[in-house]
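Containing compact mmCIF, C-alpha atoms and all ligand atoms: protein03.txt.
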```
# COMPACT_ATOMS: atom_id res chain seq x y z
CA MET A 11 50.32 9.19 -16.24
CA ALA A 12 51.25 11.46 -19.14
CA VAL A 13 53.48 14.43 -18.32
CA ILE A 14 51.78 16.97 -16.11
CA SER A 15 52.72 20.60 -15.51
CA ARG A 16 54.34 21.85 -12.30
CA TYR A 17 51.02 23.47 -11.44
CA GLN A 18 49.20 20.15 -11.86
CA ASN A 19 51.82 18.54 -9.66
CA ASP A 20 50.99 21.08 -6.92
CA VAL A 21 47.27 20.31 -7.34
CA ALA A 22 48.02 16.59 -7.01
CA ASP A 23 50.05 17.29 -3.84
CA TYR A 24 47.11 19.22 -2.40
CA TRP A 25 44.64 16.39 -3.01
CA ASN A 26 47.08 13.68 -1.92
CA ALA A 27 47.45 15.43 1.45
CA GLU A 28 43.77 16.38 1.80
CA ARG A 29 42.02 14.80 4.80
CA ASN A 30 39.45 17.42 5.76
CA PRO A 31 36.81 16.13 8.15
CA VAL A 32 34.25 18.11 6.16
CA ASN A 33 34.75 15.54 3.39
CA LEU A 34 35.54 12.40 5.37
CA ARG A 35 33.01 12.72 8.21
CA LEU A 36 30.24 13.50 5.71
CA GLY A 37 31.20 10.51 3.58
CA ASP A 38 31.21 8.24 6.64
CA VAL A 39 27.48 8.89 7.05
CA SER A 40 26.61 6.60 4.12
CA GLY A 41 29.91 5.42 2.62
CA THR A 42 29.63 7.75 -0.40
CA TYR A 43 32.50 10.25 -0.39
CA HIS A 44 32.32 13.61 -2.16
CA HIS A 45 34.50 16.66 -2.53
CA HIS A 46 31.82 19.09 -3.54
CA TYR A 47 29.16 21.29 -1.99
CA GLY A 48 25.48 20.82 -1.31
CA ILE A 49 22.19 22.18 -2.63
CA GLY A 50 18.64 22.43 -1.34
CA GLU A 51 16.75 23.60 1.72
CA VAL A 52 18.17 22.74 5.14
CA ASP A 53 15.95 20.90 7.62
CA GLY A 54 16.13 23.54 10.36
CA SER A 55 15.31 21.03 13.10
CA VAL A 56 18.95 19.83 13.08
CA LEU A 57 19.95 23.16 14.66
CA GLU A 58 17.49 22.66 17.51
CA VAL A 59 18.87 19.36 18.80
CA ALA A 60 19.70 20.14 22.45
CA ASP A 61 22.72 17.91 23.03
CA GLU A 62 25.77 19.49 21.40
CA ARG A 63 27.26 16.26 20.11
CA ALA A 64 23.98 14.95 18.74
CA ARG A 65 23.38 18.34 17.11
CA ASP A 66 26.75 18.16 15.39
CA GLU A 67 26.02 14.65 14.11
CA ALA A 68 22.63 15.81 12.81
CA MET A 69 24.23 18.77 11.00
CA ILE A 70 26.82 16.48 9.40
CA ALA A 71 24.11 14.07 8.21
CA GLU A 72 22.17 17.03 6.82
CA MET A 73 25.19 18.40 4.91
CA HIS A 74 25.76 14.93 3.50
CA ARG A 75 22.15 14.78 2.32
CA LEU A 76 22.67 18.10 0.50
CA GLU A 77 25.93 17.02 -1.18
CA ASN A 78 24.21 13.84 -2.39
CA ALA A 79 21.35 15.98 -3.71
CA GLN A 80 23.93 17.98 -5.70
CA ALA A 81 25.29 14.81 -7.35
CA ASP A 82 21.75 13.54 -8.00
CA LEU A 83 20.90 16.78 -9.82
CA LEU A 84 24.00 16.43 -11.98
CA LEU A 85 23.03 12.85 -12.89
CA ASP A 86 19.48 14.00 -13.69
CA HIS A 87 20.99 16.04 -16.55
CA LEU A 88 22.94 13.24 -18.24
CA GLY A 89 20.00 12.37 -20.52
CA ASP A 90 18.85 8.85 -21.34
CA ILE A 91 21.63 6.61 -20.12
CA GLU A 92 21.40 2.90 -20.79
CA PRO A 93 23.38 0.06 -19.21
CA HIS A 94 25.53 -0.41 -22.33
CA HIS A 95 26.70 3.23 -22.29
CA ARG A 96 30.02 4.38 -20.89
CA LEU A 97 30.39 7.42 -18.65
CA LEU A 98 33.44 9.49 -17.67
CA ASP A 99 33.83 11.36 -14.37
CA ALA A 100 36.55 13.97 -15.02
CA GLY A 101 38.28 14.94 -11.76
CA SER A 102 36.60 12.15 -9.82
CA GLY A 103 37.87 12.82 -6.26
CA ARG A 104 36.97 10.03 -3.85
CA GLY A 105 34.53 8.61 -6.39
CA GLY A 106 31.11 9.43 -4.93
CA THR A 107 29.42 10.71 -8.09
CA SER A 108 30.78 7.80 -10.19
CA LEU A 109 29.44 5.22 -7.76
CA MET A 110 26.04 6.93 -7.65
CA ALA A 111 25.96 6.96 -11.47
CA ASN A 112 26.69 3.24 -11.65
CA GLU A 113 24.03 2.55 -9.04
CA ARG A 114 21.47 4.58 -10.96
CA PHE A 115 22.22 3.55 -14.56
CA GLY A 116 23.99 0.19 -14.13
CA CYS A 117 26.61 1.15 -16.70
CA ARG A 118 30.38 1.35 -16.87
CA VAL A 119 31.95 4.44 -15.34
CA ASP A 120 35.56 5.56 -15.58
CA GLY A 121 36.84 8.22 -13.20
CA VAL A 122 40.11 10.12 -13.59
CA SER A 123 42.00 12.13 -10.99
CA ILE A 124 45.58 13.37 -10.79
CA SER A 125 45.71 12.37 -7.12
CA ALA A 126 47.01 8.83 -6.62
CA LYS A 127 45.62 8.78 -3.06
CA GLN A 128 42.13 9.58 -4.33
CA VAL A 129 42.32 6.99 -7.11
CA ASP A 130 43.30 4.28 -4.62
CA PHE A 131 40.60 5.36 -2.18
CA ALA A 132 37.92 5.40 -4.87
CA ASN A 133 38.93 2.00 -6.28
CA GLU A 134 38.66 0.58 -2.75
CA GLN A 135 35.15 1.97 -2.49
CA ALA A 136 34.21 0.32 -5.78
CA ALA A 137 35.68 -2.99 -4.56
CA ARG A 138 33.80 -2.74 -1.27
CA ARG A 139 30.56 -2.38 -3.23
CA GLY A 140 31.45 -5.23 -5.56
CA VAL A 141 31.35 -3.03 -8.68
CA SER A 142 35.06 -2.98 -9.61
CA ASP A 143 34.23 -4.60 -12.93
CA LYS A 144 32.04 -1.60 -13.83
CA VAL A 145 33.53 1.39 -12.00
CA ARG A 146 37.24 2.07 -12.47
CA PHE A 147 39.34 4.98 -11.32
CA HIS A 148 42.53 5.93 -13.11
CA LEU A 149 45.47 8.13 -12.25
CA ALA A 150 45.24 10.39 -15.29
CA ASN A 151 45.20 13.98 -16.43
CA MET A 152 41.70 14.79 -17.69
CA LEU A 153 43.26 16.87 -20.47
CA ASP A 154 45.06 13.80 -21.79
CA THR A 155 43.40 10.63 -20.56
CA GLY A 156 44.48 8.30 -23.33
CA LEU A 157 40.92 6.89 -23.34
CA GLU A 158 39.20 5.86 -26.52
CA ALA A 159 37.82 8.61 -28.80
CA GLY A 160 34.03 8.71 -29.20
CA ALA A 161 33.51 5.98 -26.57
CA PHE A 162 31.54 7.97 -24.00
CA GLN A 163 27.82 8.76 -23.96
CA ALA A 164 28.30 11.29 -21.16
CA ILE A 165 31.09 13.11 -19.37
CA TRP A 166 30.85 15.34 -16.34
CA ASN A 167 33.04 17.61 -14.24
CA ASN A 168 31.69 17.93 -10.73
CA GLU A 169 33.54 20.95 -9.33
CA SER A 170 36.76 20.19 -11.14
CA THR A 171 36.88 22.60 -14.09
CA MET A 172 38.69 25.33 -12.11
CA TYR A 173 41.95 23.39 -12.29
CA VAL A 174 42.35 23.48 -16.06
CA ASP A 175 42.14 25.65 -19.15
CA LEU A 176 38.58 25.27 -20.44
CA HIS A 177 39.54 25.20 -24.11
CA ASP A 178 41.94 22.32 -23.50
CA LEU A 179 39.34 20.55 -21.36
CA PHE A 180 36.46 20.82 -23.79
CA ALA A 181 38.67 19.84 -26.72
CA ALA A 182 39.55 16.66 -24.81
CA HIS A 183 35.90 15.99 -23.87
CA SER A 184 34.71 16.64 -27.39
CA ARG A 185 37.10 13.98 -28.65
CA LEU A 186 35.96 11.40 -26.08
CA LEU A 187 32.21 12.00 -26.40
CA ALA A 188 30.06 10.16 -28.89
CA ARG A 189 28.16 12.41 -31.27
CA GLY A 190 24.88 13.30 -29.50
CA GLY A 191 26.50 12.58 -26.14
CA ARG A 192 26.02 14.84 -23.15
CA TYR A 193 28.41 16.95 -21.11
CA VAL A 194 27.44 18.29 -17.67
CA THR A 195 29.32 20.44 -15.20
CA ILE A 196 28.46 21.89 -11.83
CA THR A 197 30.89 24.66 -11.02
CA GLY A 198 31.49 27.96 -9.33
CA CYS A 199 32.21 30.72 -11.83
CA TYR A 200 32.75 34.44 -11.46
CA ASN A 201 30.17 36.86 -12.72
CA ASP A 202 31.16 38.83 -15.84
CA VAL A 203 28.61 41.46 -14.86
CA TYR A 204 30.55 42.09 -11.64
CA GLY A 205 33.78 42.31 -13.63
CA LEU A 206 36.97 40.40 -12.80
CA PRO A 207 37.40 38.03 -9.80
CA SER A 208 36.37 39.75 -6.55
CA LYS A 209 38.46 39.63 -3.39
CA ALA A 210 36.29 36.78 -2.09
CA VAL A 211 36.67 34.81 -5.35
CA SER A 212 40.44 35.40 -5.25
CA THR A 213 40.50 34.10 -1.66
CA ILE A 214 38.80 30.89 -2.85
CA ASN A 215 41.36 30.56 -5.67
CA ALA A 216 44.25 30.93 -3.23
CA HIS A 217 42.69 28.50 -0.75
CA TYR A 218 42.28 25.66 -3.26
CA VAL A 219 45.17 26.53 -5.64
CA CYS A 220 42.68 26.88 -8.47
CA GLY A 221 41.64 29.40 -11.12
CA ILE A 222 37.89 30.03 -11.15
CA HIS A 223 36.75 30.91 -14.67
CA SER A 224 34.20 33.51 -15.69
CA ARG A 225 30.68 32.48 -16.66
CA SER A 226 31.25 33.63 -20.26
CA GLU A 227 34.42 31.57 -20.62
CA TYR A 228 32.39 28.34 -20.26
CA PHE A 229 30.16 29.20 -23.18
CA ARG A 230 32.99 30.45 -25.38
CA ALA A 231 35.02 27.30 -24.79
CA MET A 232 31.99 25.03 -25.31
CA ALA A 233 30.99 26.76 -28.54
CA ALA A 234 34.55 26.42 -29.82
CA ASN A 235 34.51 22.67 -29.19
CA ARG A 236 31.19 21.44 -30.59
CA LEU A 237 29.44 21.48 -27.20
CA THR A 238 26.02 23.13 -27.47
CA PRO A 239 24.29 24.09 -24.19
CA ILE A 240 20.86 22.60 -23.54
CA SER A 241 20.37 23.62 -19.86
CA VAL A 242 21.85 26.28 -17.66
CA VAL A 243 20.68 26.25 -14.04
CA ASP A 244 21.73 28.94 -11.59
CA LEU A 245 22.18 27.05 -8.31
CA THR A 246 23.51 30.03 -6.33
CA ALA A 247 20.40 30.44 -4.17
CA ALA A 248 20.15 26.66 -3.75
CA THR A 249 23.69 26.30 -2.39
CA LEU A 250 23.54 29.16 0.15
CA PRO A 251 21.69 27.09 2.82
CA TYR A 252 24.49 24.48 2.67
CA TRP A 253 27.12 27.17 3.30
CA GLU A 254 25.10 28.78 6.08
CA LEU A 255 24.77 25.40 7.79
CA ARG A 256 28.43 24.51 7.25
CA ALA A 257 29.56 27.85 8.72
CA GLN A 258 27.78 26.92 11.97
CA SER A 259 29.13 23.37 12.11
CA SER A 260 32.22 21.95 13.83
CA LEU A 261 33.73 21.16 10.42
CA VAL A 262 34.53 24.66 9.20
CA THR A 263 37.69 24.86 7.11
CA GLY A 264 37.96 28.66 7.13
CA ILE A 265 36.76 29.23 3.55
CA GLU A 266 33.04 29.46 4.44
CA ASP A 267 32.91 33.27 4.80
CA ALA A 268 34.54 33.78 1.39
CA PHE A 269 31.89 31.61 -0.30
CA LEU A 270 29.06 33.34 1.54
CA GLU A 271 30.42 36.78 0.70
CA ALA A 272 31.08 35.91 -2.95
CA TYR A 273 27.61 34.45 -3.51
CA ARG A 274 25.72 37.10 -1.53
CA GLY A 275 27.67 39.93 -3.12
CA GLY A 276 26.87 38.71 -6.63
CA SER A 277 30.47 38.26 -7.79
CA PHE A 278 30.17 34.48 -7.95
CA HIS A 279 27.61 31.96 -9.23
CA TYR A 280 27.11 28.26 -8.65
CA LEU A 281 26.04 26.93 -12.04
CA LEU A 282 24.99 23.69 -13.70
CA ILE A 283 25.59 23.64 -17.45
CA ALA A 284 24.54 20.73 -19.66
CA ALA A 285 25.58 20.59 -23.31
CA ASP A 286 25.24 18.23 -26.24
CA ARG A 287 28.17 17.07 -28.31
CA VAL A 288 27.09 17.99 -31.84
N1 LIG B 301 34.32 15.45 -8.69
C1 LIG B 301 34.67 15.06 -7.35
C2 LIG B 301 35.93 15.77 -6.83
C3 LIG B 301 35.98 17.28 -6.94
S1 LIG B 301 37.47 17.97 -6.25
C4 LIG B 301 33.49 15.24 -6.43
O1 LIG B 301 32.49 15.83 -6.84
O2 LIG B 301 33.53 14.77 -5.30
C5 LIG B 301 38.46 18.30 -7.71
C6 LIG B 301 39.07 17.07 -8.31
O3 LIG B 301 39.70 17.42 -9.55
C7 LIG B 301 40.14 16.36 -7.51
O4 LIG B 301 39.86 14.99 -7.51
C8 LIG B 301 41.44 16.61 -8.30
O5 LIG B 301 42.38 15.56 -8.18
C9 LIG B 301 40.88 16.65 -9.69
N2 LIG B 301 41.75 17.26 -10.70
C10 LIG B 301 42.28 18.50 -10.71
N3 LIG B 301 42.99 18.69 -11.84
C11 LIG B 301 42.91 17.54 -12.56
C12 LIG B 301 43.42 17.12 -13.82
N4 LIG B 301 44.17 17.92 -14.57
N5 LIG B 301 43.12 15.88 -14.25
C13 LIG B 301 42.35 15.05 -13.49
N6 LIG B 301 41.84 15.40 -12.31
C14 LIG B 301 42.11 16.63 -11.84
```

Can the structure from this file be put into structure tokens for me?
Amino acid sequence: MAVISRYQNDVADYWNAERNPVNLRLGDVSGTYHHHYGIGEVDGSVLEVADERARDEAMIAEMHRLENAQADLLLDHLGDIEPHHRLLDAGSGRGGTSLMANERFGCRVDGVSISAKQVDFANEQAARRGVSDKVRFHLANMLDTGLEAGAFQAIWNNESTMYVDLHDLFAAHSRLLARGGRYVTITGCYNDVYGLPSKAVSTINAHYVCGIHSRSEYFRAMAANRLTPISVVDLTAATLPYWELRAQSSLVTGIEDAFLEAYRGGSFHYLLIAADRV
């Protein structure tokens, strides 16, 4: 991997050590592993299961359904993808979104992460599914992947933009995307109307060792790098049920209240942004 900063080294350490049940137990439900949050209405019947253990299992399966729905929505925004296209998953985690993209579009997908543990895990998942020839995960910095310029029809960041400077990131993406290609991100961002990061947003930053950007910063950095927005979807209301369910589950990590407070208080948004490379 190209040289990374000391900060990026700390981020890699975090993800190399990460074994939160809230990610692993949810992934075990179907064998698709994510490190992102969910969207959509919760099926309230899971909370009414009488047996405590069965209720917990039902809540886990429900959270997994919602995190898959999040990835499906992201893929819905990639535009017309054909089997000969190439896709890039920037900050690919344990590989869930990449594998879903390959399953849906049948095309080649490259994923990059700065965590060696995650890259190994994700490549094992691809091997287990027999798609290693199409889906490949690389230990690489998404700001400097060394991949071929103009080779990608679509690139996405699924909850991974808060680890990098957006101008650097979009400059890198702009180089890799084909003209007319699509960029999509789902991300938490702080609300410029509120002001600067709230206490709850700062708590989230400290928890994950990340730097949540403002909403406006996304559009400034896109505009500066030939990325022209085509859709902006505010998913804040759609992600609240996931957090309310998670806060009642056995898999709490301690960050749930900060997310609920940030979203409910209006200092934080959960946004999907899709843009064309012009
Ligand atoms: N997109 C995945 C994982 C999100 S978690 C999912 O939806 O499940 C954030 C991810 O960003 C982690 O995999 C972390 O290793 C990765 N990441 C953070 N900084 C990075 C960088 N500079 N280059 C590549 N990956 C990075």

(request) Name each residue within 8 Å of ligand LIG 301 (chain B), counting all atoms listed in the file, as a PyMOL selection string. (result) chain A and resi 14+18+21-22+25+43-46+81+99-107+122-125+128+149-153+167-174

(message) I'd like the interatomic distance between atom CA of Ala284 of chain A and atom CA of Gly116 of chain A, to a tenth of an Å.
(response)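 According to the coordinates, atom CA of Ala284 of chain A and atom CA of Gly116 of chain A are separated by 21.3 Å.
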
(message) Could you tell me how far atom CA of Ile240 of chain A sits from atom CA of His87 of chain A, in Å to one decimal place?
(response)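 Distance between the two atoms: 9.6 Å.
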
(request) Go through A:Ser55, A:Thr263, A:Asn30, A:Ser224 and flag the residue nearest Leu176 of chain A, using all atoms listed in the file for the distances. (result)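 For Leu176 of chain A, the nearest of the given residues is A:Ser224.
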
(request) Find, counting all atoms listed in the file, the residue in A:Leu270, A:Leu255, A:Ile283, A:Val32 that gets nearest to Phe229 of chain A. (result)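 Of A:Leu270, A:Leu255, A:Ile283, A:Val32, the one nearest Phe229 of chain A, counting all atoms listed in the file, is A:Ile283.
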
(request) Find the residue from A:Pro207, A:Ile214, A:Phe162, A:Arg63 that sits nearest to Gly264 of chain A; use all atoms listed in the file when measuring. (result)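 Looking at the shortest contact to Gly264 of chain A, the residue is A:Ile214.
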
(message) Report, in Å with one decimal, the straight-line distance from atom CA of His177 of chain A to atom CA of Asp244 of chain A.
(response)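 Atom-to-atom, atom CA of His177 of chain A to atom CA of Asp244 of chain A, that is 22.1 Å.
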
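Of the residues under consideration (A:Ala126, A:Glu28, A:Phe180, A:Glu92), A:Phe180 shows the shortest atom-to-atom contact distance to Arg230 of chain A when counting all atoms listed in the file.
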
(message) Between A:Tyr252, A:Tyr228, A:Tyr218, A:Phe131, which residue has the minimum interatomic distance to Leu76 of chain A, considering all atoms listed in the file?
(response)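 Closest to Leu76 of chain A, using all atoms listed in the file: A:Tyr252.
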
Closest atom pairs, residues of segment 35-145 of chain A within 10 Å of segment 185-192 of chain A, only C-alpha atoms, as a Markdown table:
```
| residue | atom | partner | partner_atom | distance |
| --- | --- | --- | --- | --- |
| A:His87 | CA | A:Arg192 | CA | 8.4 |
| A:Leu88 | CA | A:Arg192 | CA | 6.0 |
| A:Gly89 | CA | A:Arg192 | CA | 7.0 |
| A:Asp90 | CA | A:Arg192 | CA | 9.5 |
| A:Ile91 | CA | A:Gly191 | CA | 9.8 |
| A:Arg96 | CA | A:Leu187 | CA | 9.7 |
| A:Leu97 | CA | A:Leu187 | CA | 9.2 |
| A:Leu98 | CA | A:Leu186 | CA | 9.0 |
```

(request) Go through A:Leu157, A:Val203, A:Cys117, A:Ile165 one by one, measure the shortest atom-to-atom distance of each to Ser277 of chain A using all atoms listed in the file, and give the residue with the smallest value. (result) A:Val203

(request) Using all atoms listed in the file, determine which residues lie at most 12 Å from Val243 of chain A, disregarding the query and same-chain residues fewer than 4 positions distant; provide the list as a PyMOL selection string. (result) chain A and resi 83-84+87+194-198+239+247-248+279-285

(message) So that I can check the surroundings of His217 of chain A, please list as a PyMOL selection string every protein, DNA and RNA residue that reaches within 9 Å of it, counting only C-alpha atoms and ignoring chain neighbours fewer than 4 positions away.
(response) chain A and resi 212-213+265

(request) Find the spatial neighbours of Asp38 of chain A, counting only C-alpha atoms, within a cut-off of 10 Å - ignore same-chain residues fewer than 4 positions away - and output them as a list in words. (result)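 Within the cut-off, the hits are Pro31, Asn33, Leu34, Thr42, Tyr43, Ile70, Ala71 and His74 of chain A.
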
How big is the axis-aligned box, and where does its centre sit, when it encloses all atoms of segment 163-181 of chain A listed in the file and has 6 Å added on every side, reported in Å to one decimal as JSON?
```
{"center_x": 35.1, "center_y": 17.2, "center_z": -18.0, "size_x": 26.5, "size_y": 28.9, "size_z": 29.4}
```

(request) In the coordinates of the file, take the point (28.7, 2.1, -9.2) and a cut-off of 6 Å; then, counting all atoms listed in the file, name each qualifying protein, DNA or RNA residue as a PyMOL selection string. (result) chain A and resi 109-110+112-113+141+145

May I have the residues from that selection written out with C-alpha atoms, as an mmCIF file, in the coordinates of the input?
```cif
data_model
loop_
_atom_site.group_PDB
_atom_site.id
_atom_site.type_symbol
_atom_site.label_atom_id
_atom_site.label_comp_id
_atom_site.auth_asym_id
_atom_site.auth_seq_id
_atom_site.Cartn_x
_atom_site.Cartn_y
_atom_site.Cartn_z
ATOM 1 C CA LEU A 109 29.440 5.220 -7.760
ATOM 2 C CA MET A 110 26.040 6.930 -7.650
ATOM 3 C CA ASN A 112 26.690 3.240 -11.650
ATOM 4 C CA GLU A 113 24.030 2.550 -9.040
ATOM 5 C CA VAL A 141 31.350 -3.030 -8.680
ATOM 6 C CA VAL A 145 33.530 1.390 -12.000
#
```

(request) Identify the residues around (39.0, 4.6, -6.7) within a radius of 8 Å, measuring from all atoms listed in the file in the coordinates stated by the file, and give them as a VMD selection string. (result) chain A and resid 104 to 105 121 128 to 136 146 to 148

(message) Report as a VMD selection string all protein, DNA and RNA residues lying within 12 Å of Asn215 of chain A, evaluated on only C-alpha atoms, omitting residues in the same chain fewer than 4 positions from it.
(response) chain A and resid 21 172 to 173 198 to 200 207 to 211 219 to 223 265 268 to 269 272

Supply segment 43-52 of chain A as a PDB file, keeping the file's coordinate frame, with all heavy atoms built in where the input has gaps.
```
ATOM      1  N   TYR A  43      31.613   9.129  -0.724  1.00  0.00           N
ATOM      2  CA  TYR A  43      32.500  10.250  -0.390  1.00  0.00           C
ATOM      3  C   TYR A  43      32.573  11.262  -1.529  1.00  0.00           C
ATOM      4  O   TYR A  43      32.869  10.906  -2.669  1.00  0.00           O
ATOM      5  CB  TYR A  43      33.909   9.721  -0.082  1.00  0.00           C
ATOM      6  CG  TYR A  43      33.937   8.901   1.194  1.00  0.00           C
ATOM      7  CD1 TYR A  43      33.572   7.555   1.178  1.00  0.00           C
ATOM      8  CD2 TYR A  43      34.290   9.491   2.404  1.00  0.00           C
ATOM      9  CE1 TYR A  43      33.569   6.807   2.344  1.00  0.00           C
ATOM     10  CE2 TYR A  43      34.292   8.748   3.572  1.00  0.00           C
ATOM     11  CZ  TYR A  43      33.929   7.405   3.542  1.00  0.00           C
ATOM     12  OH  TYR A  43      33.919   6.665   4.694  1.00  0.00           O
ATOM     13  N   HIS A  44      32.304  12.518  -1.179  1.00  0.00           N
ATOM     14  CA  HIS A  44      32.320  13.610  -2.160  1.00  0.00           C
ATOM     15  C   HIS A  44      33.351  14.663  -1.768  1.00  0.00           C
ATOM     16  O   HIS A  44      33.690  14.816  -0.590  1.00  0.00           O
ATOM     17  CB  HIS A  44      30.961  14.313  -2.206  1.00  0.00           C
ATOM     18  CG  HIS A  44      29.813  13.435  -2.595  1.00  0.00           C
ATOM     19  ND1 HIS A  44      29.707  12.859  -3.842  1.00  0.00           N
ATOM     20  CD2 HIS A  44      28.704  13.052  -1.912  1.00  0.00           C
ATOM     21  CE1 HIS A  44      28.577  12.162  -3.899  1.00  0.00           C
ATOM     22  NE2 HIS A  44      27.960  12.259  -2.744  1.00  0.00           N
ATOM     23  N   HIS A  45      33.753  15.430  -2.776  1.00  0.00           N
ATOM     24  CA  HIS A  45      34.500  16.660  -2.530  1.00  0.00           C
ATOM     25  C   HIS A  45      33.786  17.759  -3.292  1.00  0.00           C
ATOM     26  O   HIS A  45      34.317  18.323  -4.242  1.00  0.00           O
ATOM     27  CB  HIS A  45      35.929  16.545  -3.061  1.00  0.00           C
ATOM     28  CG  HIS A  45      36.822  15.788  -2.144  1.00  0.00           C
ATOM     29  ND1 HIS A  45      37.369  16.363  -1.023  1.00  0.00           N
ATOM     30  CD2 HIS A  45      37.244  14.514  -2.163  1.00  0.00           C
ATOM     31  CE1 HIS A  45      38.114  15.450  -0.395  1.00  0.00           C
ATOM     32  NE2 HIS A  45      38.039  14.335  -1.066  1.00  0.00           N
ATOM     33  N   HIS A  46      32.556  17.984  -2.931  1.00  0.00           N
ATOM     34  CA  HIS A  46      31.820  19.090  -3.540  1.00  0.00           C
ATOM     35  C   HIS A  46      30.799  19.606  -2.539  1.00  0.00           C
ATOM     36  O   HIS A  46      30.677  19.073  -1.440  1.00  0.00           O
ATOM     37  CB  HIS A  46      31.186  18.657  -4.876  1.00  0.00           C
ATOM     38  CG  HIS A  46      30.167  17.563  -4.748  1.00  0.00           C
ATOM     39  ND1 HIS A  46      30.274  16.363  -5.398  1.00  0.00           N
ATOM     40  CD2 HIS A  46      29.010  17.483  -4.040  1.00  0.00           C
ATOM     41  CE1 HIS A  46      29.234  15.601  -5.108  1.00  0.00           C
ATOM     42  NE2 HIS A  46      28.455  16.261  -4.294  1.00  0.00           N
ATOM     43  N   TYR A  47      30.046  20.611  -2.931  1.00  0.00           N
ATOM     44  CA  TYR A  47      29.160  21.290  -1.990  1.00  0.00           C
ATOM     45  C   TYR A  47      27.731  20.809  -2.165  1.00  0.00           C
ATOM     46  O   TYR A  47      27.434  19.998  -3.041  1.00  0.00           O
ATOM     47  CB  TYR A  47      29.295  22.806  -2.187  1.00  0.00           C
ATOM     48  CG  TYR A  47      30.751  23.231  -2.232  1.00  0.00           C
ATOM     49  CD1 TYR A  47      31.272  23.951  -3.303  1.00  0.00           C
ATOM     50  CD2 TYR A  47      31.616  22.851  -1.207  1.00  0.00           C
ATOM     51  CE1 TYR A  47      32.622  24.306  -3.336  1.00  0.00           C
ATOM     52  CE2 TYR A  47      32.961  23.198  -1.241  1.00  0.00           C
ATOM     53  CZ  TYR A  47      33.458  23.919  -2.309  1.00  0.00           C
ATOM     54  OH  TYR A  47      34.780  24.260  -2.356  1.00  0.00           O
ATOM     55  N   GLY A  48      26.845  21.323  -1.318  1.00  0.00           N
ATOM     56  CA  GLY A  48      25.480  20.820  -1.310  1.00  0.00           C
ATOM     57  C   GLY A  48      24.480  21.814  -1.874  1.00  0.00           C
ATOM     58  O   GLY A  48      24.777  23.001  -2.027  1.00  0.00           O
ATOM     59  N   ILE A  49      23.298  21.307  -2.191  1.00  0.00           N
ATOM     60  CA  ILE A  49      22.190  22.180  -2.630  1.00  0.00           C
ATOM     61  C   ILE A  49      20.889  21.760  -1.960  1.00  0.00           C
ATOM     62  O   ILE A  49      20.708  20.593  -1.608  1.00  0.00           O
ATOM     63  CB  ILE A  49      21.983  22.144  -4.176  1.00  0.00           C
ATOM     64  CG1 ILE A  49      21.828  20.705  -4.677  1.00  0.00           C
ATOM     65  CG2 ILE A  49      23.093  22.867  -4.905  1.00  0.00           C
ATOM     66  CD1 ILE A  49      21.276  20.632  -6.105  1.00  0.00           C
ATOM     67  N   GLY A  50      19.992  22.706  -1.840  1.00  0.00           N
ATOM     68  CA  GLY A  50      18.640  22.430  -1.340  1.00  0.00           C
ATOM     69  C   GLY A  50      18.410  23.059   0.032  1.00  0.00           C
ATOM     70  O   GLY A  50      19.332  23.537   0.690  1.00  0.00           O
ATOM     71  N   GLU A  51      17.139  23.033   0.426  1.00  0.00           N
ATOM     72  CA  GLU A  51      16.750  23.600   1.720  1.00  0.00           C
ATOM     73  C   GLU A  51      17.310  22.768   2.867  1.00  0.00           C
ATOM     74  O   GLU A  51      17.346  21.539   2.793  1.00  0.00           O
ATOM     75  CB  GLU A  51      15.221  23.633   1.829  1.00  0.00           C
ATOM     76  CG  GLU A  51      14.553  24.705   0.982  1.00  0.00           C
ATOM     77  CD  GLU A  51      15.093  26.102   1.255  1.00  0.00           C
ATOM     78  OE1 GLU A  51      15.312  26.449   2.438  1.00  0.00           O
ATOM     79  OE2 GLU A  51      15.317  26.842   0.277  1.00  0.00           O
ATOM     80  N   VAL A  52      17.701  23.430   3.935  1.00  0.00           N
ATOM     81  CA  VAL A  52      18.170  22.740   5.140  1.00  0.00           C
ATOM     82  C   VAL A  52      16.963  22.440   6.039  1.00  0.00           C
ATOM     83  O   VAL A  52      16.073  23.275   6.185  1.00  0.00           O
ATOM     84  CB  VAL A  52      19.180  23.638   5.898  1.00  0.00           C
ATOM     85  CG1 VAL A  52      19.410  23.140   7.308  1.00  0.00           C
ATOM     86  CG2 VAL A  52      20.490  23.718   5.120  1.00  0.00           C
TER      87      VAL A  52
END
```
